[in-house]
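Participant: Take this structure first; my questions come after.
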Amino acid sequence: MFHNLNLANILAAGLLLACGNSDSFGVDMSGAAAPAPTATAAFPSSRAQVRFKGGQRLQNDLARALTLPPAEVCTELGTLQCVDQVHTVTLGGVDAYESQILRPAPDTGATTPLAVERVVLSACSRRSRLDFADPARATLWTGLSLDADGNLDLPSGGVPTDTIVQLYQRALGREPSESEADSLVEFYATVRGEQPQAAAEAWATLVCFAVFTSTESLFY
Amino acid sequence: MHFPALALALGWTQLASARPIGPEVVCDTYPDSPACQIGTLSCNLCHTSMSPVAWNTFGEQVRTALHESGAALDGNDAFAQALRHTLPTLESLDADADGMSNAAELAQGTLPGDPASSMPAAADACPTDPSAFAYQVCRYDTAFVLRKLLLDFCGHSPSFEQIRQLEASPAEAQRETLHTALDECLQTPYWRGRDGVLWRLAHPKVRPAAFGDSAYTDDPSRGADYEQDYQLFVYTQIDGHDARDVLLGQYYVISSGDTYQRVDDLPGQSVPVERRAGMLTTLWFLLFNSMFTALPRTAAAQAYRAYLGYDIAQQQGLFPVNDEPVDYDRKGVTQTECAVCHSTLDPLTYPFRNYDGISGDVASALLGRYVPNRLETMYESLIPGVSATPERGVIFGQPVSTLREWVEVAANSDEFAKATVNDYWRLLLGGAPTPEQSSEFEALWRSLRSDDYSIDALLHRLIDSEAYGVP
């Protein structure tokens with residue numbers, strides 16, 4: 001899927017990218033000083049009523065934003081549904097009929113982030129794979145100019161900021177701030193440095209992953 | 001604190017046990033306390049442990065004051081009277097030395113005997129121009145609510161276009177948009193369908209279980225499954241139906257997709273209509289909660305827990321009845337340790353005496369029936385004397401003659417309204433109401449009556465609340 005991609009390195013870079021947006025999203029529970037007003041800044045709230053979206057809502061949002069059937073968002077071994085069958089309880093669901101787990105766990109578990117990342121990475125990979133395999137039918141990663149190695153043809157098209165805007169609109173219901181968009185554009189160089197071929201698809205997958213695993217996306 | 005040795009010898013032993021009527025007396029004395037309004041006042045007001053019994057600093061103050069008053073403490077009535085007189089004398093004290101008097105803590109809903117129980121720090125200062133930020137901290141934020149309600153009730157986030165459209169419309173229209181969106185979501189499979197939100201809300205009430213290789217549940221023609229219980233529950237929670245029908249309903253429900261239809265009878269359900277009591281007399285409820293027991297205490301306790309918010313196993317909702325428990329079935333419940341709860345639980349159970357869970361051998365067992373003179377005909381030979389168990393019982397201190405009367409009292413009680421609203425509050429806000437949210441919580445459960453117990457109406461009120469809509 002990622003060809004010779006050093007996935008661990010790039011994934012780590014993607015996560016840092018997602019965490020590093022100091023002027024973005026979410027309710028600040030740290031008690032830090034209030035940020036300067038911007039369209040994407042959050043004033044600290046004393047309520048901190050923030051809840052994990054959970055598996056089913058996450059799957060629905062991924063399916064809608066990435067134009068995928070819910071059943072294709074994530075499967076384990078190609079057959080078992082990640083959210084509805086395998087990671088249900090881990091992702092905040094219940095298993096009433098078989099295990100008598102009648103209520104969701106009050107807190108997320110140690111493995112919840114792993115399951116979340118697995119689901120999101122699966123969905124993002126599928127969307128970019130489909131779009132790069134058949135650009136004429138692409139629904140998210142459209143209008144990209146690629147060279148023969150599957151890398152972005154920077155001299156002719158550059159890194160597609162329009163697509164980043166579209167990704168933000170679909171994932172978070174808003175447009176990215178300038179610094180958010182810049183971070184994702186600059187991230188292409190990191191991916192390209194790790195992966196000489198098909199860097200565009202890897203970058204698209206990881207950009208999608210970074211946005212959908214952000215605090216703003218996963219909590220509400 | 002030092003006490004006279006004589007006092008220890010004469011009276012201290014009378015105070016050496018927990019008094020389950022304590023919370024009831026406290027709420028009689030301080031009815032406006034948020035903990036009473038929310039229904040969260042429990043034994044931990046005075047106790048750090050119930051077994052072995054131990055007191056926190058406020059409990060110790062109460063205990064000492066009761067003793068020093070010299071009041072008679074034998075029996076619940078005497079104890080209640082003494083406690084009513086004693087509590088006001090402790091109001092100016094600060095049992096947990098946290099800087100707030102006992103009275104102030106009771107008034108705001110925190111625990112006067114626990115220094116860790118306190119109101120959250122005052123809210124942060126509000127931004128001078130909330131509109132300059134992504135979230136409208138300190139005021140109702142319609143975009144925040146749109147996202148929340150679509151996720152909560154429809155199961156997905158709003159689109160970029162939906163948010164833009166909302167933000168571009170006038171303030172009054174924004175509220176209307178939210179309520180329209182809620183109405184639409186309440187019709188979706190995500191909310192009302194099989195394994196939808198309402199279905200999942202019913203799990204702790206229905207308590208589904210797979211009996212491995214069971215002849216009871218493997219044969220669909222016997223109707224011994226829980227599907228019908230879920231259908232009945234969901235029906236009572238949608239389309240403006242009366243939510244009290246979880247207890248009062250004398251009908252059943254079938255569903256096709258997201259459409260639910262009320263029916264008079266269903267194959268397998270055999271309780272006569274005049275003996276039905278909503279979710280408490282379905283085949284599954286009786287099968288699972290009563291099984292083979294003469295006095296189905298588990299059934300009564302589950303009804304109390306699932307629909308009235310009181311878990312007797314946690315010593316909640318204790319309204320001891322004088323001269324109870326009698327121990328008609330010889331289970332030893334008159335022992336002091338048992339009687340603490342069974343003086344409430346057993347009178348709650350008596351109206352279930354003629355409702356049978358399972359009888360007969362496995363292959364041809366009869367399931368979930370109403371059997372007149374059940375104890376006389378089925379259990380007296382096994383447990384001599386058990387047939388003396390009356391059908392007349394007591395709930396919330398009120399005598400009732402039958403299970404129908406039991407559910408009438410229950411469904412029209414404050415406890416039912418609080419428990420119902422609490423289910424949705426926890427579902428949508430992620431936890432029990434906090435002391436500072438108690439006034440909104442109280443307004444909601446009181447409005448349930450004026451809204452004819454419509455959950456749809458409750459949810460419309462809830463999304464308008466500050467607790468839901470102010471980030």
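By convention here, the chains of the structure tokens are called A, B, ... in the order presented, each chain's residues are numbered starting at 1, and ligands are numbered starting at 1 in the order presented.
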Run DSSP on the backbone and tell me which residues of stretch 176-256 of chain B come out as strand (DSSP E); list them as a list in words.
Facilitator: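 Secondary structure check on stretch 176-256 of chain B, strand (DSSP E): Tyr252, Val253, Ile254, Ser255 and Ser256 of chain B.
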Participant: For the residues in that selection, give me C-alpha atoms as a compact mmCIF listing (two decimals), in the first residue's frame.
Facilitator:
# COMPACT_ATOMS: atom_id res chain seq x y z
CA TYR B 252 -47.25 -5.17 23.58
CA VAL B 253 -45.40 -3.76 20.60
CA ILE B 254 -44.18 -5.17 17.33
CA SER B 255 -41.84 -3.42 14.95
CA SER B 256 -40.91 -3.47 11.33
Participant: Using only C-alpha atoms, find which residues of chain B lie within 10 Å of chain A and jot them down as a tab-separated table (two decimals) with N, CA and C atoms, in the first residue's frame.
Facilitator:
chain	number	residue	atom	x	y	z
B	120	PRO	N	-17.02	23.36	41.79
B	120	PRO	CA	-15.88	23.70	40.94
B	120	PRO	C	-15.53	25.17	41.07
B	121	ALA	N	-14.29	25.46	40.75
B	121	ALA	CA	-13.87	26.86	40.82
B	121	ALA	C	-14.76	27.72	39.95
B	122	ALA	N	-14.85	28.95	40.29
B	122	ALA	CA	-15.69	29.86	39.51
B	122	ALA	C	-15.29	29.81	38.04
B	123	ALA	N	-16.29	30.00	37.20
B	123	ALA	CA	-16.03	29.93	35.76
B	123	ALA	C	-14.99	30.95	35.35
B	124	ASP	N	-14.26	30.58	34.29
B	124	ASP	CA	-13.29	31.53	33.75
B	124	ASP	C	-14.01	32.79	33.32
B	125	ALA	N	-13.25	33.83	33.26
B	125	ALA	CA	-13.82	35.07	32.75
B	125	ALA	C	-14.27	34.84	31.31
B	126	CYS	N	-15.34	35.47	30.96
B	126	CYS	CA	-15.87	35.28	29.61
B	126	CYS	C	-15.16	36.23	28.66
B	127	PRO	N	-14.98	35.80	27.41
B	127	PRO	CA	-14.35	36.70	26.44
B	127	PRO	C	-15.25	37.90	26.17
B	129	ASP	N	-15.62	39.40	23.43
B	129	ASP	CA	-16.30	39.20	22.15
B	129	ASP	C	-16.30	37.71	21.82
B	130	PRO	N	-17.29	36.98	22.33
B	130	PRO	CA	-17.29	35.53	22.12
B	130	PRO	C	-17.29	35.15	20.65
B	131	SER	N	-17.85	35.99	19.81
B	131	SER	CA	-17.95	35.62	18.40
B	131	SER	C	-16.58	35.57	17.72
B	132	ALA	N	-15.55	36.09	18.40
B	132	ALA	CA	-14.21	36.05	17.82
B	132	ALA	C	-13.56	34.69	17.98
B	133	PHE	N	-14.22	33.78	18.70
B	133	PHE	CA	-13.63	32.48	18.95
B	133	PHE	C	-14.45	31.37	18.29
B	134	ALA	N	-13.81	30.20	18.20
B	134	ALA	CA	-14.47	29.07	17.54
B	134	ALA	C	-15.69	28.62	18.32
B	135	TYR	N	-15.64	28.70	19.66
B	135	TYR	CA	-16.78	28.31	20.48
B	135	TYR	C	-17.25	29.50	21.29
B	136	GLN	N	-18.57	29.60	21.47
B	136	GLN	CA	-19.13	30.75	22.17
B	136	GLN	C	-19.19	30.45	23.67
B	137	VAL	N	-18.02	30.39	24.29
B	137	VAL	CA	-17.95	30.11	25.71
B	137	VAL	C	-18.77	31.16	26.46
B	138	CYS	N	-19.53	30.71	27.44
B	138	CYS	CA	-20.35	31.57	28.30
B	138	CYS	C	-21.72	31.89	27.70
B	144	PHE	N	-22.29	24.94	17.94
B	144	PHE	CA	-21.84	23.88	18.86
B	144	PHE	C	-22.98	22.89	19.10
B	145	VAL	N	-24.18	23.41	19.30
B	145	VAL	CA	-25.34	22.54	19.57
B	145	VAL	C	-25.70	21.73	18.32
B	147	ARG	N	-23.78	20.59	16.03
B	147	ARG	CA	-22.86	19.45	15.91
B	147	ARG	C	-23.18	18.40	16.96
B	148	LYS	N	-23.41	18.88	18.19
B	148	LYS	CA	-23.71	17.95	19.27
B	148	LYS	C	-24.98	17.16	19.00
B	150	LEU	N	-26.64	16.61	16.21
B	150	LEU	CA	-26.59	15.69	15.07
B	150	LEU	C	-25.79	14.44	15.44
B	151	LEU	N	-24.71	14.61	16.19
B	151	LEU	CA	-23.94	13.44	16.62
B	151	LEU	C	-24.74	12.60	17.61
B	152	ASP	N	-25.40	13.26	18.55
B	152	ASP	CA	-26.14	12.53	19.58
B	152	ASP	C	-27.36	11.80	19.03
B	154	CYS	N	-28.54	11.83	15.48
B	154	CYS	CA	-28.48	11.30	14.11
B	154	CYS	C	-27.25	10.42	13.90
B	155	GLY	N	-26.25	10.58	14.75
B	155	GLY	CA	-25.07	9.72	14.65
B	155	GLY	C	-24.00	10.21	13.70
B	156	HIS	N	-24.08	11.46	13.26
B	156	HIS	CA	-23.03	11.98	12.40
B	156	HIS	C	-22.90	13.49	12.59
B	157	SER	N	-21.78	14.03	12.16
B	157	SER	CA	-21.54	15.47	12.28
B	157	SER	C	-22.29	16.23	11.19
B	158	PRO	N	-22.52	17.51	11.40
B	158	PRO	CA	-23.15	18.30	10.33
B	158	PRO	C	-22.16	18.54	9.18
B	159	SER	N	-22.72	18.81	8.03
B	159	SER	CA	-21.85	19.14	6.90
B	159	SER	C	-21.40	20.59	7.02
B	160	PHE	N	-20.38	20.91	6.27
B	160	PHE	CA	-19.88	22.30	6.22
B	160	PHE	C	-21.00	23.24	5.79
B	161	GLU	N	-21.78	22.79	4.81
B	161	GLU	CA	-22.86	23.64	4.30
B	161	GLU	C	-23.94	23.86	5.37
B	162	GLN	N	-24.26	22.83	6.13
B	162	GLN	CA	-25.26	22.98	7.19
B	162	GLN	C	-24.81	24.02	8.22
B	163	ILE	N	-23.54	23.97	8.59
B	163	ILE	CA	-23.03	24.91	9.59
B	163	ILE	C	-23.06	26.33	9.03
B	164	ARG	N	-22.62	26.46	7.78
B	164	ARG	CA	-22.63	27.79	7.14
B	164	ARG	C	-24.05	28.37	7.09
B	190	TYR	N	-30.80	5.49	13.53
B	190	TYR	CA	-29.75	5.67	14.54
B	190	TYR	C	-30.36	5.91	15.92
B	200	ARG	N	-30.23	0.76	22.86
B	200	ARG	CA	-29.09	0.57	23.77
B	200	ARG	C	-29.39	1.11	25.16
B	201	LEU	N	-30.21	2.17	25.21
B	201	LEU	CA	-30.60	2.70	26.51
B	201	LEU	C	-31.37	1.66	27.32
B	202	ALA	N	-32.02	0.75	26.59
B	202	ALA	CA	-32.83	-0.27	27.27
B	202	ALA	C	-32.00	-1.45	27.77
B	203	HIS	N	-30.75	-1.56	27.35
B	203	HIS	CA	-29.98	-2.75	27.74
B	203	HIS	C	-29.98	-3.00	29.25
B	204	PRO	N	-29.67	-1.99	30.09
B	204	PRO	CA	-29.63	-2.28	31.52
B	204	PRO	C	-31.02	-2.58	32.11
B	205	LYS	N	-32.06	-2.21	31.40
B	205	LYS	CA	-33.42	-2.48	31.88
B	205	LYS	C	-33.86	-3.89	31.47
B	206	VAL	N	-33.55	-4.25	30.23
B	206	VAL	CA	-33.96	-5.57	29.72
B	206	VAL	C	-33.00	-6.65	30.20
B	207	ARG	N	-31.73	-6.31	30.26
B	207	ARG	CA	-30.68	-7.26	30.64
B	207	ARG	C	-30.76	-8.54	29.81
B	208	PRO	N	-30.46	-8.44	28.52
B	208	PRO	CA	-30.53	-9.63	27.68
B	208	PRO	C	-29.46	-10.63	28.09
B	209	ALA	N	-29.76	-11.88	27.91
B	209	ALA	CA	-28.78	-12.90	28.24
B	209	ALA	C	-29.02	-14.09	27.34
B	210	ALA	N	-27.95	-14.70	26.92
B	210	ALA	CA	-28.07	-15.92	26.13
B	210	ALA	C	-27.90	-17.09	27.08
B	211	PHE	N	-28.95	-17.88	27.20
B	211	PHE	CA	-28.82	-19.11	28.01
B	211	PHE	C	-28.23	-20.17	27.08
B	226	TYR	N	-36.01	-11.53	24.29
B	226	TYR	CA	-36.15	-10.18	24.84
B	226	TYR	C	-36.46	-9.14	23.79
B	428	LEU	N	-26.75	12.13	27.21
B	428	LEU	CA	-26.44	13.27	26.35
B	428	LEU	C	-25.40	14.20	26.95
B	429	LEU	N	-25.20	14.14	28.24
B	429	LEU	CA	-24.20	15.01	28.86
B	429	LEU	C	-23.04	14.24	29.47
B	430	GLY	N	-23.10	12.93	29.39
B	430	GLY	CA	-21.96	12.12	29.78
B	430	GLY	C	-21.79	11.88	31.26
B	431	GLY	N	-22.73	12.29	32.08
B	431	GLY	CA	-22.61	12.05	33.51
B	431	GLY	C	-23.83	12.56	34.25
B	467	ALA	N	-26.96	23.61	30.17
B	467	ALA	CA	-26.05	22.48	30.35
B	467	ALA	C	-25.68	21.85	29.01
B	468	TYR	N	-26.61	21.82	28.08
B	468	TYR	CA	-26.35	21.19	26.79
B	468	TYR	C	-25.73	22.16	25.79
B	470	VAL	N	-24.22	25.41	26.24
B	470	VAL	CA	-23.15	26.39	26.48
B	470	VAL	C	-21.83	25.64	26.63
B	471	PRO	N	-20.91	25.87	25.70
B	471	PRO	CA	-19.65	25.11	25.77
B	471	PRO	C	-18.80	25.48	26.99
Participant: Quick one: everything within 12 Å of B:Trp425, counting only C-alpha atoms, minus sequence neighbours fewer than 5 positions away in the same chain. Send it as a count of residues only.
Facilitator: 27
Participant: Have a look at atom CA of A:Thr139 and atom CA of A:Pro69 and let me know their distance in Å, one decimal.
Facilitator: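 Atom CA of A:Pro69 lies 13.2 Å from atom CA of A:Thr139.
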Participant: Rank nothing, just name the residue among B:Phe79, B:Tyr350, B:Tyr230, B:Tyr307 nearest to B:Ala294, using only C-alpha atoms.
Facilitator: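 For B:Ala294, the nearest of the given residues is B:Tyr350.
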Participant: Which residues are near stretch 324-336 of chain B? Cut-off 10 Å, only C-alpha atoms, ignore same chain within fewer than 6 positions. Put them as a ChimeraX atom specification.
Facilitator: /B:17,293-295,342-347,379-380,382-390
